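This report concerns only the one structure given below.
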Amino acid sequence: MNIGVLALQGAVREHMRSLEAIGVTALAIKHPEQLHEVDGLIIPGGESTTIGKLMRKYGFLEAIGAFAAQGKPLFGTCAGLIVLAKRIIGQGGAEEPHLALMDITVRRNAFGRQRESFETDLDVSGVDEPVRAVFIRAPLITEAGPGVDVLCKVNEEIVIARQGHLLACSFHPELTDDVNLHRYFADMVKQSGIAAG
C-alpha cells in the first residue's frame, strides 16, 4: 500500500515520517500523474490559499477530484481540511481555490490569536487510544452535512470528521510521535481495496 503526501507546501516530511512509522510506503506527490502510484492521499497543513492556488496552477484540482471520484481516500489536515471543504468562511471564502469535496463548512483560524497554538489529547471515535493533537491557527468545522460522521469535538466544536473515503482534522497530527490518526487513515485506505496503478 502506497500513500501519497501532496508536496506543494506544509509539513510533508513529517507526514511521510508518520506513515513510514506504521509500515506504509510514503510518496511525496509533486506532479498530478504521480497520483496513479498511490492508494490514498494526505493534504497537509500550510496556508490554504497558497495550497489552493498551487493546486490550480499545477492541475491538481482536477486530478485530485478524479482521484476522489474513484473512491480513493483523502485525508486533509489543518489547511488540508479547508481545501477539502465545500464551504469556507473567512478570507477568500468560496472564491478561494479548493476541492469542495466534503459536505462541511469550515471557519479559518477559528481558535483565534489568544490560543494560536496548543496541544491536547483527544478521544476520537474509532480510535482506541487518545490522539495527541497540535493546534496551530486551526480551522474548525462549523457545520457537517447529513452524510458526515463527527469523530471528535473540542469544546463542542468539531475538529475531526469523516465522509465515506474523506477524512479531515483541524490540527497537525504529524507534529507529534502519535501515529494513531495516520493508522486510522491507512486502515481506510486498506478497506477501500483499490490498488494503485
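To be explicit about the labels: the chains of the C-alpha cells are called A, B, and onward in the order shown, and within each one the residues are counted from 1, while ligands get numbers from 1 in the order they are shown.
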### Shell of 8 Å around stretch 10-23 of chain A, only C-alpha atoms, local chain residues under 2 positions omitted, as an MDAnalysis selection string
chainID A and resid 3 5:8 25:28 44:47 174:175 177 179 182:183
| Leaving out stretch 99-104 of chain A and any residue of its chain fewer than 4 positions from it, which residues lie within 10 Å of it when counting only C-alpha atoms, given as an MDAnalysis selection string? | chainID A and resid 52 55:56 60:62 64:65 68:69 74 80:88 94 140:148 161:168
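You will find atom CA of A:Leu151 at 20.3 Å from atom CA of A:Asn109.
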In Å and to one decimal, atom CA of A:Lys72 is distant from atom CA of A:His172 by 21.7 Å
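Take the candidates A:Leu41, A:Val134, A:Ile29, A:Val154 and check each one against A:Val189 using only C-alpha atoms; the shortest distance goes to A:Leu41.
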Please identify the alpha helix (DSSP H) residues within stretch 64-164 of chain A (assignment by DSSP from backbone atoms) and present them as a PDB file with C-alpha atoms, in the first residue's frame.
```pdb
ATOM      1  CA  ILE A  64      -7.435  15.051  -7.095  1.00  0.00           C
ATOM      2  CA  GLY A  65     -11.131  15.426  -7.904  1.00  0.00           C
ATOM      3  CA  ALA A  66     -10.810  12.482 -10.300  1.00  0.00           C
ATOM      4  CA  PHE A  67      -8.777  10.551  -7.715  1.00  0.00           C
ATOM      5  CA  ALA A  68     -11.547  11.035  -5.132  1.00  0.00           C
ATOM      6  CA  ALA A  69     -14.235  10.123  -7.684  1.00  0.00           C
ATOM      7  CA  ALA A  79      -5.165  23.762   5.846  1.00  0.00           C
ATOM      8  CA  GLY A  80      -5.886  20.459   4.066  1.00  0.00           C
ATOM      9  CA  LEU A  81      -9.235  20.393   5.876  1.00  0.00           C
ATOM     10  CA  ILE A  82     -10.050  23.819   4.401  1.00  0.00           C
ATOM     11  CA  VAL A  83      -9.068  22.639   0.911  1.00  0.00           C
ATOM     12  CA  LEU A  84     -11.413  19.619   1.197  1.00  0.00           C
TER      13      LEU A  84
END
```
